[in-house]
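So this one's work31.txt, compact mmCIF, C-alpha atoms (C1' of nucleotides):
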```
# COMPACT_ATOMS: atom_id res chain seq x y z
CA MET A 221 78.90 150.61 131.58
CA THR A 222 75.81 150.35 129.42
CA ALA A 223 76.03 154.04 128.53
CA ASP A 224 79.49 153.45 127.02
CA LEU A 225 78.11 150.57 125.00
CA PHE A 226 75.33 152.67 123.49
CA GLU A 227 77.74 155.45 122.56
CA THR A 228 79.89 153.09 120.49
CA VAL A 229 76.98 151.22 118.92
CA GLY A 230 75.46 154.23 117.10
CA ASP A 231 76.29 154.91 113.43
CA ALA A 232 79.17 157.32 113.08
CA ARG A 233 78.22 158.17 109.48
CA PRO A 234 74.83 159.08 108.04
CA PRO A 235 73.39 156.39 105.73
CA ARG A 236 72.56 158.98 103.07
CA GLU A 237 74.89 161.76 102.09
CA THR A 238 74.19 164.38 99.42
CA ILE A 239 77.29 164.83 97.28
CA GLY A 240 75.73 167.11 94.66
CA GLU A 241 72.49 168.21 93.05
CA GLY A 242 70.73 164.93 92.26
CA ALA A 243 73.68 162.94 93.62
CA ALA A 244 73.64 160.79 96.76
CA LEU A 245 76.00 158.44 98.56
CA LEU A 246 74.05 155.60 100.23
CA ARG A 247 76.34 154.00 102.78
CA GLY A 248 75.90 150.24 103.16
CA PHE A 249 72.84 150.16 100.92
CA ALA A 250 73.93 146.97 99.13
CA LYS A 251 74.70 145.02 102.31
CA PRO A 252 71.26 143.32 102.51
CA PHE A 253 71.74 142.07 98.93
CA GLU A 254 75.19 140.62 99.59
CA ALA A 255 74.23 136.95 100.06
CA GLU A 256 72.38 136.79 96.71
CA LEU A 257 74.77 139.12 94.96
CA MET A 258 77.97 137.14 95.24
CA PRO A 259 76.81 133.89 93.56
CA ALA A 260 75.05 135.92 90.85
CA LEU A 261 78.28 137.76 90.05
CA ARG A 262 80.27 134.54 90.02
CA GLU A 263 77.91 133.12 87.41
CA ILE A 264 78.12 136.23 85.21
CA VAL A 265 81.92 136.20 85.31
CA ARG A 266 81.94 132.50 84.48
CA GLN A 267 79.98 133.20 81.27
CA ALA A 268 81.75 136.48 80.41
CA PRO A 269 85.22 136.64 82.00
CA PHE A 270 86.87 139.94 82.94
CA ARG A 271 89.04 141.46 80.24
CA HIS A 272 91.14 144.61 79.88
CA LEU A 273 89.68 146.88 77.20
CA ILE A 274 91.69 149.17 74.93
CA THR A 275 90.74 152.85 74.80
CA PRO A 276 90.29 154.72 71.48
CA GLY A 277 93.70 156.25 72.25
CA GLY A 278 95.23 152.77 72.21
CA HIS A 279 95.83 152.42 75.96
CA ARG A 280 95.07 149.29 77.95
CA MET A 281 92.75 150.06 80.85
CA SER A 282 94.06 149.03 84.28
CA VAL A 283 90.51 148.11 85.31
CA ALA A 284 89.21 144.77 83.97
CA MET A 285 85.60 144.73 82.77
CA THR A 286 82.66 142.58 81.85
CA ASN A 287 78.90 143.20 81.53
CA SER A 288 75.50 141.79 82.34
CA GLY A 289 72.21 142.75 80.75
CA SER A 290 70.77 143.34 77.28
CA LEU A 291 73.58 145.81 76.54
CA GLY A 292 77.20 146.06 77.63
CA TRP A 293 79.68 148.95 77.54
CA VAL A 294 82.76 148.24 75.48
CA SER A 295 85.78 150.18 74.30
CA ASP A 296 88.18 149.42 71.48
CA PRO A 297 90.42 151.49 69.20
CA SER A 298 87.34 152.47 67.14
CA GLY A 299 85.60 154.07 70.12
CA TYR A 300 83.23 153.53 73.03
CA ARG A 301 79.82 151.93 72.48
CA TYR A 302 77.08 149.77 73.91
CA ASP A 303 76.73 146.38 72.30
CA GLY A 304 74.34 143.51 72.93
CA ILE A 305 77.07 141.05 72.00
CA ASP A 306 80.20 140.22 73.99
CA PRO A 307 82.98 140.75 71.44
CA ASN A 308 85.05 138.02 73.11
CA SER A 309 82.46 135.27 72.78
CA GLY A 310 80.28 136.55 69.94
CA THR A 311 77.21 135.76 72.05
CA PRO A 312 74.90 137.99 74.13
CA TRP A 313 76.06 139.20 77.56
CA PRO A 314 74.80 137.14 80.51
CA PRO A 315 71.27 138.23 81.44
CA MET A 316 70.90 140.56 84.41
CA PRO A 317 69.86 138.52 87.45
CA PRO A 318 66.77 139.73 89.37
CA VAL A 319 68.86 140.56 92.44
CA LEU A 320 70.89 143.05 90.37
CA ARG A 321 67.77 144.63 88.86
CA LYS A 322 66.22 144.99 92.30
CA LEU A 323 69.33 146.45 93.89
CA ALA A 324 69.66 149.03 91.10
CA ALA A 325 65.98 150.01 91.19
CA ASP A 326 65.85 150.25 94.99
CA ALA A 327 69.04 152.30 95.17
CA ALA A 328 67.86 154.66 92.42
CA ALA A 329 64.58 155.19 94.29
CA ALA A 330 66.48 155.87 97.52
CA GLY A 331 68.50 158.42 95.57
CA GLY A 332 65.32 160.12 94.36
CA PHE A 333 64.84 158.43 90.98
CA ASN A 334 61.75 156.22 90.79
CA GLY A 335 61.13 153.69 88.03
CA PHE A 336 64.78 153.04 87.14
CA ALA A 337 65.04 150.00 84.88
CA SER A 338 68.67 149.41 84.01
CA GLU A 339 69.55 147.73 80.73
CA ALA A 340 73.28 147.50 81.29
CA CYS A 341 75.38 146.51 84.28
CA LEU A 342 79.07 147.21 83.71
CA ILE A 343 81.18 145.18 86.13
CA ASN A 344 84.63 146.59 86.88
CA ARG A 345 87.40 144.77 88.71
CA TYR A 346 90.14 146.81 90.39
CA VAL A 347 93.32 145.20 91.71
CA PRO A 348 95.78 147.28 93.78
CA GLY A 349 97.07 150.13 91.60
CA ALA A 350 94.13 150.03 89.16
CA LYS A 351 92.33 153.33 88.62
CA LEU A 352 89.84 155.12 86.39
CA SER A 353 90.78 158.64 85.37
CA LEU A 354 88.22 161.44 85.35
CA HIS A 355 85.50 160.91 82.72
CA GLN A 356 81.81 161.35 81.94
CA ASP A 357 79.29 158.57 81.30
CA LYS A 358 77.87 159.96 78.08
CA ASP A 359 77.59 157.01 75.71
CA GLU A 360 73.99 156.46 76.79
CA LEU A 361 71.07 157.89 74.79
CA ASP A 362 68.93 158.50 77.88
CA PHE A 363 70.33 161.11 80.24
CA ALA A 364 67.03 161.31 82.15
CA ALA A 365 67.90 158.06 83.93
CA PRO A 366 70.50 158.14 86.70
CA ILE A 367 73.73 156.19 87.09
CA VAL A 368 73.83 153.69 89.97
CA SER A 369 77.27 152.57 91.20
CA VAL A 370 77.76 149.75 93.73
CA SER A 371 81.06 149.21 95.56
CA LEU A 372 82.19 145.76 96.74
CA GLY A 373 85.43 144.53 98.27
CA LEU A 374 88.42 146.78 98.99
CA PRO A 375 87.67 150.44 99.74
CA ALA A 376 88.42 153.04 97.06
CA ILE A 377 88.64 156.82 96.76
CA PHE A 378 85.87 158.03 94.46
CA LEU A 379 86.46 161.35 92.71
CA PHE A 380 83.32 163.35 91.99
CA GLY A 381 83.54 166.61 90.08
CA GLY A 382 81.30 168.89 88.05
CA LEU A 383 80.11 169.19 84.47
CA LYS A 384 83.44 170.55 83.26
CA ARG A 385 86.66 168.57 83.49
CA SER A 386 88.29 171.59 85.12
CA ASP A 387 85.69 171.77 87.91
CA PRO A 388 87.04 170.90 91.36
CA THR A 389 86.62 167.27 92.43
CA ARG A 390 85.71 166.00 95.86
CA ARG A 391 86.96 162.70 97.23
CA TYR A 392 84.82 160.04 98.95
CA ARG A 393 86.02 156.81 100.48
CA LEU A 394 83.69 154.07 99.22
CA GLU A 395 83.51 150.84 101.19
CA HIS A 396 81.99 147.42 100.57
CA GLY A 397 78.22 147.86 100.23
CA ASP A 398 78.22 151.60 99.51
CA VAL A 399 76.13 152.84 96.58
CA VAL A 400 76.42 156.15 94.72
CA VAL A 401 73.50 157.44 92.63
CA TRP A 402 73.79 160.46 90.36
CA GLY A 403 71.32 161.90 87.87
CA GLY A 404 69.39 165.02 86.94
CA PRO A 405 71.73 168.02 87.06
CA SER A 406 74.63 165.70 88.04
CA ARG A 407 74.03 163.10 85.32
CA LEU A 408 77.05 164.20 83.28
CA ALA A 409 79.33 164.95 86.22
CA PHE A 410 82.98 164.03 85.74
CA HIS A 411 84.04 161.21 88.04
CA GLY A 412 86.83 158.70 88.52
CA VAL A 413 88.59 156.38 90.96
CA ALA A 414 92.04 156.95 92.51
CA PRO A 415 94.61 154.12 92.28
CA LEU A 416 93.37 151.30 94.52
CA ALA A 417 95.31 150.89 97.75
CA ASP A 418 96.47 147.38 98.58
CA GLY A 419 94.59 145.48 101.26
CA GLU A 420 92.62 142.36 102.00
CA HIS A 421 88.83 142.10 102.03
CA GLY A 422 87.12 139.29 103.92
CA LEU A 423 84.79 138.35 101.07
CA LEU A 424 86.63 139.43 97.92
CA GLY A 425 90.32 139.30 98.81
CA ARG A 426 92.74 141.75 97.15
CA GLN A 427 90.27 143.39 94.78
CA ARG A 428 87.42 145.83 94.42
CA ILE A 429 84.38 145.06 92.28
CA ASN A 430 82.22 147.93 91.05
CA LEU A 431 78.80 147.54 89.44
CA THR A 432 77.59 150.44 87.31
CA PHE A 433 73.98 150.33 86.18
CA ARG A 434 72.78 152.41 83.23
CA LYS A 435 69.69 152.87 81.14
CA VAL A 436 71.00 153.22 77.61
CA ARG A 437 68.09 153.39 75.18
CA LEU A 438 65.60 156.19 74.89
CA GLY A 439 61.92 155.83 75.73
CA ALA A 440 59.83 153.10 77.30
CA ALA A 441 61.74 150.18 75.77
CA GLY A 442 63.52 148.33 78.52
CA ARG A 443 61.26 149.67 81.31
C1' DT B 20 91.15 162.33 77.76
C1' DA B 21 87.36 155.39 80.91
C1' DG B 22 95.43 156.89 78.96
C1' DT B 23 100.39 158.38 80.95
C1' DT B 24 103.73 161.61 82.86
C1' DC B 25 105.82 165.65 84.72
C1' DC B 26 105.84 169.52 87.87
C1' DA B 27 104.61 173.17 91.29
C1' DA C 169 101.32 162.33 99.92
C1' DG C 170 97.73 164.76 97.80
C1' DT C 171 96.21 168.20 94.47
C1' DG C 172 95.72 170.56 90.14
```

As structure tokens, how would this structure be written, given the file I've shared?
Amino acid sequence: MTADLFETVGDARPPRETIGEGAALLRGFAKPFEAELMPALREIVRQAPFRHLITPGGHRMSVAMTNSGSLGWVSDPSGYRYDGIDPNSGTPWPPMPPVLRKLAADAAAAGGFNGFASEACLINRYVPGAKLSLHQDKDELDFAAPIVSVSLGLPAIFLFGGLKRSDPTRRYRLEHGDVVVWGGPSRLAFHGVAPLADGEHGLLGRQRINLTFRKVRLGAAGR
DNA sequence: TAGTTCCA
DNA sequence: AGTG
């Protein structure tokens, strides 16, 4: 009867999960932004198409990337760096749309970090089989600011470890709309993504899109 | 070492 | 198949 209805309507998972010191998983946080988000992403990708970067070790990354904002993360045989210019076009990365800025700032605040003004939004596209091995985000100059990671499309297994590569990792299934925020003592935590399982997502099809927001430069510039 | 592969 |  009605009692059965109420039992199945309630949330099975908590909306906010602590996954480490200064690290939170915000389930479904990006859902309210979805309608504005999708056209904004389409426009960014139109101006700066996804491309597969080469690591300093000479390997082609399975994840395809592009950027939005005043700075973008790039990798080539000479190393990792942030650059204001898209090496493919020779022109600046597409500006970060207000909806992306707002999503990043709101999520950071919900994760315990007020005043987050991201300068760079790295956009990663995973197709089935694509993965990101365990690594640290340490090319930024400002480690006081957190990392904000937004999941869209197919679900993925997120690996979250400690400050040493050898630290044990925990696995979290991230679904469309989930946001992970890590900073403070977790800012340099090793993390990665397991090979994407095949599937079909109603909005994005056979792919996962991840947005990673970072503050790169030191100090008040960019705030 | 934001890589791949093998093996317990 | 997942983990280390």

I need the chain B residues near chain A as a PyMOL selection string; criterion: at most 10 Å, counting all atoms listed in the file. chain B and resi 20-23

Determine which residues of chain A sit within 12 Å of chain C, taking into account all atoms listed in the file, and present them as an NGL selection string. :A and (385-391 or 414)

For chain C, what centre and edge lengths in Å (one decimal) does the axis-aligned box get once 5 Å is added on each side of all its listed atoms, as lines of an AutoDock Vina configuration file?
```
center_x = 98.5
center_y = 166.4
center_z = 95.0
size_x = 15.6
size_y = 18.2
size_z = 19.8
```

Neighbours of point (73.2, 159.6, 98.4) within 7 Å, using all atoms listed in the file, written as a count of residues only: 11

What does the distance from CA of Lys435 (chain A) to CA of Ala364 (chain A) come to in Å, to one decimal? 8.9 Å

Point-to-point distance from CA of Val399 (chain A) to CA of Ile343 (chain A), Å rounded to tenths: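 One can read the CA of Val399 (chain A) to CA of Ile343 (chain A) distance as 13.9 Å.
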
Give me the residues near Pro312 (chain A) as a list in words, where near means some atom within 9 Å (using all atoms listed in the file) and where sequence neighbours in that chain fewer than 3 positions away do not count.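 Using all atoms listed in the file, the neighbours found are Gly289, Ser290, Leu291, Asp303, Gly304, Ile305, Asp306, Pro307, Ser309 and Pro315 of chain A.
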
Report, in Å to a single decimal, how far apart CA of Arg434 (chain A) and CA of Ala325 (chain A) are. 10.7 Å

Residues within 12 Å of Ala337 (chain A), only C-alpha atoms (C1' of nucleotides), excluding chain neighbours under 5 positions, as JSON, numbers by chain: {"A": [289, 290, 316, 318, 320, 321, 322, 323, 324, 325, 326, 327, 328, 329, 362, 364, 365, 366, 367, 368, 433, 434, 435, 436, 437, 438, 439, 440, 441, 442, 443]}

For Tyr302 (chain A), work out the shell of residues within 8 Å, counting all atoms listed in the file and skipping chain neighbours fewer than 5 positions away, then give it as a PDB file with C-alpha atoms, in the coordinates of the input.
```
ATOM      1  CA  LEU A 291      73.580 145.810  76.540  1.00  0.00           C
ATOM      2  CA  GLY A 292      77.200 146.060  77.630  1.00  0.00           C
ATOM      3  CA  TRP A 293      79.680 148.950  77.540  1.00  0.00           C
ATOM      4  CA  VAL A 294      82.760 148.240  75.480  1.00  0.00           C
ATOM      5  CA  ASP A 359      77.590 157.010  75.710  1.00  0.00           C
ATOM      6  CA  GLU A 360      73.990 156.460  76.790  1.00  0.00           C
ATOM      7  CA  VAL A 436      71.000 153.220  77.610  1.00  0.00           C
TER       8      VAL A 436
END
```

Compare A:Val265, A:Val413, A:Leu372, A:Leu379 by their minimum atom-to-atom distance to Arg426 (chain A), counting all atoms listed in the file, and give me the closest one. A:Leu372
